[in-house]
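This report concerns only the one structure given below.
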Amino acid sequence: MSADGQTRLTPGAGTDWTIDQAWARYTPAEHQVWVTLYERQSALLTDRACDPFLRGLEALDLHRAGIPDFARVNAELNRLTGWSVVAVPGLVPDVVFFDHLANRRFPAGRFIRKANELDYLEEPDIFHDVFGHVPMLTDPEFADYMAAYGRGGLRAMQRGQLHQLARLYWYTVEFGLLQTPAGVRIYGAGIVSSRTETIFALDDPSPNRLGFDLERIMRTPYRIDDFQQVYFVAPSLGALLEATLRDFGPIYDRLARAADIPIAALEPTDRVITLGSQAYARARAPAAQ
Ligand code: HBI
Ligand code: FE
């Protein structure tokens with residue numbers, strides 16, 4: 001993103017913003033950052049991430065030896081669900097992003113964070129994108145959900161309601177929780193790739209945890225700079241997929257007239273799984289004006 005806020009095409013990028021991963025150019029120090037993050041997260045996620053995520057991590061062998069080579073990952077990922085990972089310089093324009101998803105291509109940043117910024121970074125790096133997002137793409141239902149989301153994104157843009165669909169992505173793909181027989185588990189990439197939020201999202205008494213409700217989610221703003229104040233729990237990945245396989249026209253018509261729901265508020269129709277204290281958010285709130 002350049003100073004004037006325009007996303008400029010990176011020299012060498014295609015019109016779809018893809019670039020060569022240039023896997024051979026990663027340095028030993030960059031591979032070591034991946035190994036450090038991988039070992040720390042995978043140990044933490046054993047009984048916190050959902051089974052499809054853990055199975056995907058194994059199936060793709062996003063191993064401890066360093067940054068995965070997309071060519072190798074794609075051979076297996078393609079076979080499983082027809083998805084590929086493609087390298088991009090960073091965040092790409094929405095229309096480019098949605099077109100990739102609609103065509104089963106996940107755009108992943110090529111760069112990796114520095115050893116001194118393991119816990120937070122401004123823009124998604126290869127660890128967030130590949131460790132966080134890609135294992136779930138080995139699950140057939142989630143893989144179909146992500147492609148449906150891509151198709152929906154192009155339509156939401158035409159209607160000028162992209163900000164509402166972006167909330168669905170945020171509260172599912174990035175910060176989604178899943179109801180399982182073993183309890184609530186994580187599938188959202190923004191959580192599984194963050195050590196601190198992996199703990200906060202499941203254990204902390206501060207956030208609300210509510211049953212998944214597509215339209216309610218699309219009315220709920222989100223925070224990009226801190227832990228979430230509300231998480232939504234899907235009953236299953238099948239239910240998540242099924243929620244997108246309907247005509248969104250009437251939904252967008254209702255949403256165009258509906259007010260946003262304040263982030264920590266509860267709606268009468270909410271299925272409350274855990275009622276949060278919001279203590280964390282209050283402690284972080286700027287001093288009252
Ligand atoms: N680009 N590379 C990349 N990764 C993203 O997650 C991404 C993006 N561009 C747009 C975008 N996400 C969001 O604006 C959409 O989810 C709405
Ligand atoms: Fe992401």
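Chains: A, B, ... in order of the structure tokens. Residues: from 1 per chain. Ligands: from 1, in order shown.
All residues of protein, DNA or RNA that reach within 9 Å of Pro235 of chain A, judged by only C-alpha atoms and not counting those fewer than 2 positions away in the chain, are Leu178, Gln179, Thr180, Gly211, Phe212, Val233, Leu237, Gly238, Ala239 and Leu240 of chain A.
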Next on the checklist: Please list as a VMD selection string every residue within 9 Å of Ala189 of chain A, counting only C-alpha atoms and excluding residues in the same chain fewer than 3 positions away.
Outcome noted: chain A and resid 128 to 129 131 to 134 136 172 to 176 186 192 to 194
Checklist entry - Just asking: which residues within segment 204-272 of chain A are strand (DSSP E or B) according to DSSP, as a PyMOL selection string? => result chain A and resi 208-211+230-234+272
Item to check | segment 25-35 of chain A environment, 9 Å, only C-alpha atoms, sequence neighbours closer than 5 positions dropped, as a PyMOL selection string | outcome: chain A and resi 40+63-68+111-115+118+126-127
Could the residues in this selection be saved with N, CA, C and O atoms as a PDB file, in the first residue's frame?
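Final file, out-v2.pdb:
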ATOM      1  N   ARG A  40       6.122 -23.734  18.134  1.00  0.00           N
ATOM      2  CA  ARG A  40       5.397 -23.114  19.241  1.00  0.00           C
ATOM      3  C   ARG A  40       3.885 -23.290  19.052  1.00  0.00           C
ATOM      4  O   ARG A  40       3.172 -23.709  19.962  1.00  0.00           O
ATOM      5  N   HIS A  63       6.031 -28.924   7.508  1.00  0.00           N
ATOM      6  CA  HIS A  63       6.879 -29.486   8.560  1.00  0.00           C
ATOM      7  C   HIS A  63       7.783 -28.456   9.214  1.00  0.00           C
ATOM      8  O   HIS A  63       7.769 -27.282   8.868  1.00  0.00           O
ATOM      9  N   ARG A  64       8.505 -28.991  10.154  1.00  0.00           N
ATOM     10  CA  ARG A  64       9.376 -28.149  10.986  1.00  0.00           C
ATOM     11  C   ARG A  64      10.654 -27.750  10.266  1.00  0.00           C
ATOM     12  O   ARG A  64      11.451 -27.014  10.796  1.00  0.00           O
ATOM     13  N   ALA A  65      10.845 -28.233   9.049  1.00  0.00           N
ATOM     14  CA  ALA A  65      12.159 -28.017   8.422  1.00  0.00           C
ATOM     15  C   ALA A  65      12.258 -26.622   7.821  1.00  0.00           C
ATOM     16  O   ALA A  65      13.269 -26.259   7.241  1.00  0.00           O
ATOM     17  N   GLY A  66      11.192 -25.828   7.856  1.00  0.00           N
ATOM     18  CA  GLY A  66      11.307 -24.476   7.338  1.00  0.00           C
ATOM     19  C   GLY A  66      10.136 -24.092   6.462  1.00  0.00           C
ATOM     20  O   GLY A  66       9.149 -24.829   6.368  1.00  0.00           O
ATOM     21  N   ILE A  67      10.246 -22.959   5.805  1.00  0.00           N
ATOM     22  CA  ILE A  67       9.151 -22.402   5.002  1.00  0.00           C
ATOM     23  C   ILE A  67       8.756 -23.395   3.903  1.00  0.00           C
ATOM     24  O   ILE A  67       9.632 -23.844   3.153  1.00  0.00           O
ATOM     25  N   PRO A  68       7.505 -23.772   3.808  1.00  0.00           N
ATOM     26  CA  PRO A  68       7.108 -24.759   2.793  1.00  0.00           C
ATOM     27  C   PRO A  68       7.251 -24.214   1.372  1.00  0.00           C
ATOM     28  O   PRO A  68       7.014 -23.039   1.124  1.00  0.00           O
ATOM     29  N   PHE A 111       6.568 -13.046   2.099  1.00  0.00           N
ATOM     30  CA  PHE A 111       7.532 -12.640   3.136  1.00  0.00           C
ATOM     31  C   PHE A 111       7.197 -13.282   4.478  1.00  0.00           C
ATOM     32  O   PHE A 111       6.043 -13.671   4.725  1.00  0.00           O
ATOM     33  N   ILE A 112       8.206 -13.376   5.346  1.00  0.00           N
ATOM     34  CA  ILE A 112       7.955 -13.876   6.711  1.00  0.00           C
ATOM     35  C   ILE A 112       8.420 -12.814   7.693  1.00  0.00           C
ATOM     36  O   ILE A 112       9.370 -12.082   7.438  1.00  0.00           O
ATOM     37  N   ARG A 113       7.728 -12.748   8.842  1.00  0.00           N
ATOM     38  CA  ARG A 113       8.030 -11.724   9.869  1.00  0.00           C
ATOM     39  C   ARG A 113       9.451 -11.922  10.395  1.00  0.00           C
ATOM     40  O   ARG A 113      10.063 -12.962  10.219  1.00  0.00           O
ATOM     41  N   LYS A 114       9.943 -10.884  11.079  1.00  0.00           N
ATOM     42  CA  LYS A 114      11.304 -10.936  11.626  1.00  0.00           C
ATOM     43  C   LYS A 114      11.289 -11.680  12.970  1.00  0.00           C
ATOM     44  O   LYS A 114      10.241 -11.761  13.624  1.00  0.00           O
ATOM     45  N   ALA A 115      12.434 -12.150  13.373  1.00  0.00           N
ATOM     46  CA  ALA A 115      12.530 -12.910  14.630  1.00  0.00           C
ATOM     47  C   ALA A 115      12.133 -12.040  15.820  1.00  0.00           C
ATOM     48  O   ALA A 115      11.683 -12.534  16.838  1.00  0.00           O
ATOM     49  N   LEU A 118       7.680 -11.773  16.520  1.00  0.00           N
ATOM     50  CA  LEU A 118       6.983 -13.056  16.378  1.00  0.00           C
ATOM     51  C   LEU A 118       5.506 -12.940  16.714  1.00  0.00           C
ATOM     52  O   LEU A 118       4.674 -13.627  16.157  1.00  0.00           O
ATOM     53  N   ILE A 126       3.638 -15.015   5.464  1.00  0.00           N
ATOM     54  CA  ILE A 126       3.480 -16.394   4.984  1.00  0.00           C
ATOM     55  C   ILE A 126       3.093 -17.340   6.108  1.00  0.00           C
ATOM     56  O   ILE A 126       2.384 -18.330   5.887  1.00  0.00           O
ATOM     57  N   PHE A 127       3.473 -17.032   7.342  1.00  0.00           N
ATOM     58  CA  PHE A 127       3.079 -17.929   8.436  1.00  0.00           C
ATOM     59  C   PHE A 127       1.577 -17.799   8.694  1.00  0.00           C
ATOM     60  O   PHE A 127       0.857 -18.792   8.813  1.00  0.00           O
TER      61      PHE A 127
END
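Using only C-alpha atoms and all ligand atoms, the shortest contact distance between ligand 1 and any of A:Tyr187, A:Tyr120, A:Phe98, A:Phe232 is found at A:Phe98.
The gap separating atom CA of Trp170 of chain A from atom CA of Phe227 of chain A is 12.2 Å, in Å to one decimal.
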Checklist entry - Taking only C-alpha atoms and all ligand atoms into account, which residues are within 7 Å of ligand 1, as number ranges by chain? => result A: 88, 90-94, 97, 107-109, 124, 162, 166, 169
Next, dump the selected residues to file, keeping only all heavy atoms, as a JSON list (two decimals), in the first residue's frame.
[["chain", "number", "residue", "atom", "x", "y", "z"],
["A", 88, "VAL", "N", 1.81, -13.86, -3.43],
["A", 88, "VAL", "CA", 1.51, -12.46, -3.79],
["A", 88, "VAL", "C", 2.38, -11.56, -2.92],
["A", 88, "VAL", "O", 2.90, -12.01, -1.89],
["A", 88, "VAL", "CB", 0.01, -12.12, -3.58],
["A", 88, "VAL", "CG1", -0.86, -12.84, -4.59],
["A", 88, "VAL", "CG2", -0.43, -12.40, -2.14],
["A", 90, "GLY", "N", 1.60, -9.17, -0.97],
["A", 90, "GLY", "CA", 0.98, -8.78, 0.31],
["A", 90, "GLY", "C", -0.51, -8.69, 0.07],
["A", 90, "GLY", "O", -1.06, -9.42, -0.73],
["A", 91, "LEU", "N", -1.19, -7.73, 0.77],
["A", 91, "LEU", "CA", -2.63, -7.58, 0.54],
["A", 91, "LEU", "C", -2.85, -7.15, -0.92],
["A", 91, "LEU", "O", -2.14, -6.31, -1.43],
["A", 91, "LEU", "CB", -3.20, -6.52, 1.48],
["A", 91, "LEU", "CG", -3.24, -6.94, 2.96],
["A", 91, "LEU", "CD1", -3.75, -5.79, 3.82],
["A", 91, "LEU", "CD2", -4.11, -8.17, 3.16],
["A", 92, "VAL", "N", -3.82, -7.76, -1.56],
["A", 92, "VAL", "CA", -4.14, -7.42, -2.95],
["A", 92, "VAL", "C", -5.53, -6.78, -2.99],
["A", 92, "VAL", "O", -6.31, -6.92, -2.05],
["A", 92, "VAL", "CB", -4.08, -8.67, -3.85],
["A", 92, "VAL", "CG1", -2.70, -9.33, -3.82],
["A", 92, "VAL", "CG2", -5.17, -9.66, -3.47],
["A", 93, "PRO", "N", -5.85, -6.06, -4.06],
["A", 93, "PRO", "CA", -7.18, -5.41, -4.14],
["A", 93, "PRO", "C", -8.29, -6.45, -3.98],
["A", 93, "PRO", "O", -8.15, -7.60, -4.41],
["A", 93, "PRO", "CB", -7.18, -4.81, -5.55],
["A", 93, "PRO", "CG", -5.74, -4.63, -5.90],
["A", 93, "PRO", "CD", -5.02, -5.76, -5.24],
["A", 94, "ASP", "N", -9.39, -6.03, -3.37],
["A", 94, "ASP", "CA", -10.50, -6.96, -3.09],
["A", 94, "ASP", "C", -10.90, -7.78, -4.31],
["A", 94, "ASP", "O", -11.04, -9.00, -4.22],
["A", 94, "ASP", "CB", -11.72, -6.16, -2.60],
["A", 94, "ASP", "CG", -11.49, -5.60, -1.20],
["A", 94, "ASP", "OD1", -10.56, -6.08, -0.52],
["A", 94, "ASP", "OD2", -12.23, -4.69, -0.80],
["A", 97, "PHE", "N", -8.54, -10.47, -4.94],
["A", 97, "PHE", "CA", -8.60, -11.47, -3.87],
["A", 97, "PHE", "C", -9.78, -12.41, -4.10],
["A", 97, "PHE", "O", -9.65, -13.63, -4.08],
["A", 97, "PHE", "CB", -8.75, -10.73, -2.54],
["A", 97, "PHE", "CG", -8.78, -11.62, -1.33],
["A", 97, "PHE", "CD1", -7.67, -12.39, -0.97],
["A", 97, "PHE", "CD2", -9.93, -11.71, -0.54],
["A", 97, "PHE", "CE1", -7.71, -13.21, 0.14],
["A", 97, "PHE", "CE2", -9.96, -12.52, 0.58],
["A", 97, "PHE", "CZ", -8.85, -13.28, 0.92],
["A", 107, "PRO", "N", -4.28, -16.68, -2.10],
["A", 107, "PRO", "CA", -3.13, -15.78, -2.24],
["A", 107, "PRO", "C", -2.40, -15.65, -0.91],
["A", 107, "PRO", "O", -2.98, -15.22, 0.08],
["A", 107, "PRO", "CB", -3.73, -14.46, -2.66],
["A", 107, "PRO", "CG", -5.15, -14.50, -2.26],
["A", 107, "PRO", "CD", -5.54, -15.92, -2.02],
["A", 108, "ALA", "N", -1.13, -16.04, -0.87],
["A", 108, "ALA", "CA", -0.35, -16.00, 0.37],
["A", 108, "ALA", "C", 0.84, -15.07, 0.20],
["A", 108, "ALA", "O", 1.51, -15.06, -0.82],
["A", 108, "ALA", "CB", 0.15, -17.42, 0.71],
["A", 109, "GLY", "N", 1.06, -14.25, 1.26],
["A", 109, "GLY", "CA", 2.24, -13.40, 1.24],
["A", 109, "GLY", "C", 3.49, -14.25, 1.15],
["A", 109, "GLY", "O", 3.54, -15.36, 1.70],
["A", 124, "PRO", "N", -0.68, -9.70, 6.95],
["A", 124, "PRO", "CA", -0.49, -11.16, 6.97],
["A", 124, "PRO", "C", 0.80, -11.58, 6.27],
["A", 124, "PRO", "O", 1.05, -11.17, 5.14],
["A", 124, "PRO", "CB", -1.71, -11.69, 6.22],
["A", 124, "PRO", "CG", -2.48, -10.54, 5.73],
["A", 124, "PRO", "CD", -1.90, -9.28, 6.26],
["A", 162, "LEU", "N", -19.82, -4.85, 0.28],
["A", 162, "LEU", "CA", -18.66, -5.69, 0.58],
["A", 162, "LEU", "C", -18.34, -5.68, 2.08],
["A", 162, "LEU", "O", -17.97, -6.70, 2.65],
["A", 162, "LEU", "CB", -17.45, -5.20, -0.21],
["A", 162, "LEU", "CG", -16.17, -5.96, 0.08],
["A", 162, "LEU", "CD1", -16.31, -7.41, -0.32],
["A", 162, "LEU", "CD2", -15.00, -5.33, -0.65],
["A", 166, "ALA", "N", -17.40, -8.89, 4.25],
["A", 166, "ALA", "CA", -16.06, -8.99, 4.87],
["A", 166, "ALA", "C", -16.19, -9.41, 6.33],
["A", 166, "ALA", "O", -15.32, -10.10, 6.88],
["A", 166, "ALA", "CB", -15.34, -7.65, 4.76],
["A", 169, "TYR", "N", -16.30, -13.14, 6.50],
["A", 169, "TYR", "CA", -14.95, -13.70, 6.40],
["A", 169, "TYR", "C", -14.26, -13.56, 7.76],
["A", 169, "TYR", "O", -13.59, -14.47, 8.25],
["A", 169, "TYR", "CB", -14.19, -12.93, 5.31],
["A", 169, "TYR", "CG", -12.83, -13.48, 4.93],
["A", 169, "TYR", "CD1", -12.69, -14.45, 3.95],
["A", 169, "TYR", "CD2", -11.67, -13.00, 5.54],
["A", 169, "TYR", "CE1", -11.45, -14.94, 3.57],
["A", 169, "TYR", "CE2", -10.42, -13.49, 5.17],
["A", 169, "TYR", "CZ", -10.32, -14.44, 4.18],
["A", 169, "TYR", "OH", -9.09, -14.92, 3.80]]
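One distance worth recording is that between atom CA of Leu266 of chain A and atom CA of Leu214 of chain A, which is 14.9 Å.
The closest residue to ligand 2, picked from A:Ala43, A:Arg55, A:Glu123, A:Arg72 and counting only C-alpha atoms and all ligand atoms, is A:Glu123.
Nearest to ligand 2 of all the residues A:Tyr171, A:Pro221, A:Asn103, A:Asp69 is A:Tyr171, counting only C-alpha atoms and all ligand atoms.
Minimum atom-to-atom distance to ligand 2, evaluated using only C-alpha atoms and all ligand atoms, belongs to A:Val130 out of A:Leu77, A:Leu57, A:Val130, A:Val85.
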Checklist entry - DSSP says alpha helix (DSSP H) for which residues of segment 115-153 of chain A? Put them as an NGL selection string? => result :A and (126 or 140-153)
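The coordinates place atom CA of Ala258 of chain A at 10.8 Å from atom CA of Thr220 of chain A.
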